[in-house]
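See structure below.
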Amino acid sequence: MNALKKYLLLVIILILPTAATLAQDVVNIVNFNEAGKQVTRFDVAGDAVDAHDGEIAYFNGTYYLYGTSYDCGFAWQNKTAPFCGFKTYSSPDLVHWTDRGYLFDAKNPVWQSRCNGNTYGCFRPHVIFNKKTNQYVLWVNVYDNRVGFRVFTSNEPTGPFKEVENPKLAVNNDAEVAGLNNGDHDTFVDDDGTAYVAYTDWRTKGTIVVEELTPDYLSGTGRHVKAITPGKTEAPGMMKRNGIYYLLYSDPNCGYCSGTGTSYRTAKSPLGPWSEGIKISDKSCGGQPSFVSTIQFNSETVYIYGSDLWNNAARNEALANYFWAPLKFDSTGAILPIPCNPSENIRIRKGKSEAEAKSKDLDNTAGNEGFTTQCDIAKGTQRTQSFTAKKSGTLSSLTFTTFRNGVPDAGLEIAVYAADKSGLPEGSPLFSANVAADSLGWAAKRTFIKPNIKVSKGKKYVISAKSETSAGCYGFEFNDALPYAAGVAAVKAGGDAGFSVEKGRSLKFETFVTGK
């Protein structure tokens with residue numbers, strides 16, 4: 001090979017990206033809209049993601065979000081509230097999430113007695129994979145036993161998970177059963193396969209403990225370090241970077257608070273000694289730190305920070321959103337302050353798309369991007385959204401995204417009207433249905449209605465939502481940044497004379513038209 005050919009070959013090799021680089025893409029994670037308001041994350045079906053105080057994990061090319069569900073109406077310290085269970089969602093890209101259901105059946109009497117409103121509740125599902133046993137191991141925080149945790153195993157990251165024997169830990173192992181002993185935790189697997197659990201010692205008013213786990217990851221070995229933090233902290237998250245271990249945590253501890261600080265400490269060993277704390281966010285971007293996830297690729301590692309954007313300390317947190325962003329470091333390895341940007345670009349490896357195929361009968365949709373919530377459909381208030389039929393046929397079904405808040409004493413009336421030139425309801429309803437309060441959940445989801453009425457291509461119609469409830473309210477999702485162009489949103493307060501058009505706004509809906 002002559003010198004020119006060798007030179008050209010070298011240039012080609014240098015220019016061509018590696019296989020690992022080809023497999024990675026930049027994705028945009030949106031946390032807030034242009035007005036700075038939180039946005040709802042929807043799954044690919046169009047329902048709000050309902051998994052809180054958990055984590056994101058990466059297994060076999062797929063991302064998994066684990067969390068506590070609130071949709072059934074769980075409310076902390078409400079003795080009549082049921083426990084909803086733990087959910088998981090999967091995604092190829094951290095943007096499109098598919099609901100994979102519950103990790104195990106928590107509707108039975110045993111789990112209701114352990115976790116319902118009569119108890120402190122059950123929280124923080126964390127899953128790690130054990131290469132030696134080929135098992136996925138789930139740790140959850142409970143308050144019905146002495147140790148404060150229950151452990152499960154499964155052959156799949158989505159479950160079903162089966163409970164194993166109660167774990168043993170070194171701290172508070174002689175405390176009273178079912179007390180506030182150990183709580184908020186994280187599980188972490190080191191490079192050599194050794195696993196650890198970081199947890200909160202409530203008996204010392206919120207200091208953090210790190211304890212080594214047994215080779216099967218099902219219990220503690222007793223090797224531990226305690227009082228890593230001085231107290232009034234919780235929600236630890238462990239990670240490792242360039243041989244240094246990091247422990248992030250809520251500083252101070254503040255359950256369901258919107259705006260609690262995030263600090264971190266470092267060590268050369270999981271069992272310390274640990275450094276003094278360094279604060280990287282005063283308000284955790286409007287929430288409380290929940291996790292830090294290590295996503296390892298062939299040529300790059302991404303550390304994703306997550307905080308729960310709690311809903312103003314509500315006892316039911318079905319409407320809570322999330323702040324996710326990649327951690328950034330300076331040349332010394334210090335974590336840079338979290339900027340709380342409305343959106344963040346993350347370079348990740350994408351997996352196979354899981355996007356749900358839309359029905360061929362879908363005629364109109366306001367989409368899933370950029371929506372936020374409001375709850376005021378009560379005492380006669382009426383919310384409407386007009387749309388323009390794209391084809392003639394039968395309006396076989398429609399969806400209106402809604403949720404309940406509190407305990408409504410009347411149902412939600414969904415109606416369809418013909419629209420006037422302004423896009424407001426005209427005449428009597430072409431169809432009307434009453435949705436019972438107890439058929440709706442606390443998370444924002446699509447409610448399906450089947451009008452089965454004729455519509456004509458190019459003609460405008462109106463979807464209306466109204467309730468006479470005097471307690472609680474029904475909510476809706478609205479978008480002021482990417483409005484649906486072929487219709488308008490409007491509101492009419494109970495007792496008012498007329499509607500007010502809300503310019504530039506759309507409510508979240510879908511319409512399906514069959515036939516001609």
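Quick note on naming: the chains in the structure tokens go A, B, ... in the order shown, residues restart at 1 in each chain, and ligands are numbered from 1 in order of appearance.
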
Give me the residues within 12 Å of Glu163 (chain A) as a PyMOL selection string, counting only C-alpha atoms and dropping any in the same chain fewer than 2 places off.
chain A and resi 103-106+111+136-140+149-154+159-161+165-167+218

Go through region 228-324 of chain A and flag each residue having an atom no more than 12 Å from region 362-378 of chain A; for those, report the closest pair of atoms plus their distance in Å to one decimal, using only C-alpha atoms, ordered by chain and rising number, as JSON lines.
{"residue": "A:Asn311", "atom": "CA", "partner": "A:Thr373", "partner_atom": "CA", "distance": 10.9}
{"residue": "A:Ala318", "atom": "CA", "partner": "A:Thr373", "partner_atom": "CA", "distance": 11.4}
{"residue": "A:Leu319", "atom": "CA", "partner": "A:Thr373", "partner_atom": "CA", "distance": 8.0}
{"residue": "A:Ala320", "atom": "CA", "partner": "A:Thr373", "partner_atom": "CA", "distance": 10.2}
{"residue": "A:Asn321", "atom": "CA", "partner": "A:Thr372", "partner_atom": "CA", "distance": 9.6}

If we count only C-alpha atoms, what is near Arg446 (chain A) at a cut-off of 10 Å, once residues fewer than 4 positions away on the same chain are taken out, given as a PyMOL selection string?
chain A and resi 45-48+398-403+440+476+508-510

Using C-alpha atoms, can you export the residues from the last selection as a PDB file, in the first residue's frame?
ATOM      1  CA  ALA A  45     -51.220   5.826  25.247  1.00  0.00           C
ATOM      2  CA  GLY A  46     -51.856   9.397  26.412  1.00  0.00           C
ATOM      3  CA  ASP A  47     -52.286   8.911  30.185  1.00  0.00           C
ATOM      4  CA  ALA A  48     -50.181  10.692  32.799  1.00  0.00           C
ATOM      5  CA  LEU A 398     -63.778  10.666  22.024  1.00  0.00           C
ATOM      6  CA  THR A 399     -61.414  11.085  24.938  1.00  0.00           C
ATOM      7  CA  PHE A 400     -61.222  13.948  27.399  1.00  0.00           C
ATOM      8  CA  THR A 401     -58.264  13.900  29.775  1.00  0.00           C
ATOM      9  CA  THR A 402     -59.454  14.480  33.308  1.00  0.00           C
ATOM     10  CA  PHE A 403     -59.000  13.508  36.945  1.00  0.00           C
ATOM     11  CA  LEU A 440     -62.299   8.388  37.673  1.00  0.00           C
ATOM     12  CA  PHE A 476     -58.282  19.001  32.875  1.00  0.00           C
ATOM     13  CA  LYS A 508     -56.308  17.643  25.833  1.00  0.00           C
ATOM     14  CA  PHE A 509     -58.742  15.534  23.769  1.00  0.00           C
ATOM     15  CA  GLU A 510     -59.042  13.021  20.931  1.00  0.00           C
TER      16      GLU A 510
END

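If you measure from each of A:Tyr66, A:Gly243, A:Ser90, A:Ser428 to Phe291 (chain A) using only C-alpha atoms, the closest one turns out to be A:Tyr66.
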
What lies within 8 Å of region 117-133 of chain A using only C-alpha atoms, ignoring chain neighbours under 6 positions off, as number ranges by chain?
A: 52-55, 57, 66-68, 74-83, 86, 139-144, 157, 184-189, 193, 216-217

Tell me, as a VMD selection string, which residues lie within 10 Å of Glu212 (chain A), counting only C-alpha atoms; anything in the same chain fewer than 5 positions away does not count.
chain A and resid 169 to 170 187 to 189 194 to 198 217 219 to 225 270 to 271

So that I can check the surroundings of Ser470 (chain A), please list as JSON, numbers by chain every protein, DNA and RNA residue that reaches within 10 Å of it, counting only C-alpha atoms and ignoring chain neighbours fewer than 5 positions away.
{"A": [378, 379, 380, 407, 408, 409, 410]}

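Between Ser91 (chain A) and the candidates A:Lys352, A:Tyr264, A:Gly287, A:Arg241, the tightest atom-to-atom separation, counting only C-alpha atoms, involves A:Lys352.
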
Tell me which protein, DNA and RNA residues are within 9 Å of Ser397 (chain A), counting only C-alpha atoms, leaving out same-chain ones fewer than 4 positions away, and put them as a VMD selection string.
chain A and resid 448 to 452 510 to 513

Produce a file of the selected residues containing C-alpha atoms, as a compact mmCIF listing (two decimals), in the first residue's frame.
# COMPACT_ATOMS: atom_id res chain seq x y z
CA PHE A 448 -63.49 7.44 26.87
CA ILE A 449 -66.96 8.49 25.72
CA LYS A 450 -68.93 6.88 22.86
CA PRO A 451 -71.29 9.48 21.32
CA ASN A 452 -72.06 7.50 18.11
CA GLU A 510 -59.04 13.02 20.93
CA THR A 511 -61.86 12.24 18.51
CA PHE A 512 -62.38 9.08 16.47
CA VAL A 513 -64.57 8.96 13.35

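The interatomic distance for the pair CA of Val455 (chain A) and CA of Asn434 (chain A) works out to 21.4 Å.
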
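Atom to atom, CA of Asp192 (chain A) and CA of Val171 (chain A) stand 24.8 Å apart.
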
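In this comparison, which uses only C-alpha atoms, the residue of A:Lys503, A:Lys466, A:Lys168, A:Arg146 approaching Ala489 (chain A) most closely is A:Lys503.
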
What parts of region 158-286 of chain A does DSSP call strand (DSSP E)? I'd like the answer as a PyMOL selection string.
chain A and resi 162-163+182-189+195-201+207-213+220-225+234-241+244-250+262-267+278-281

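Take the candidates A:Lys268, A:Lys240, A:Lys328, A:Arg41 and check each one against Ser293 (chain A) using only C-alpha atoms; the shortest distance goes to A:Lys240.
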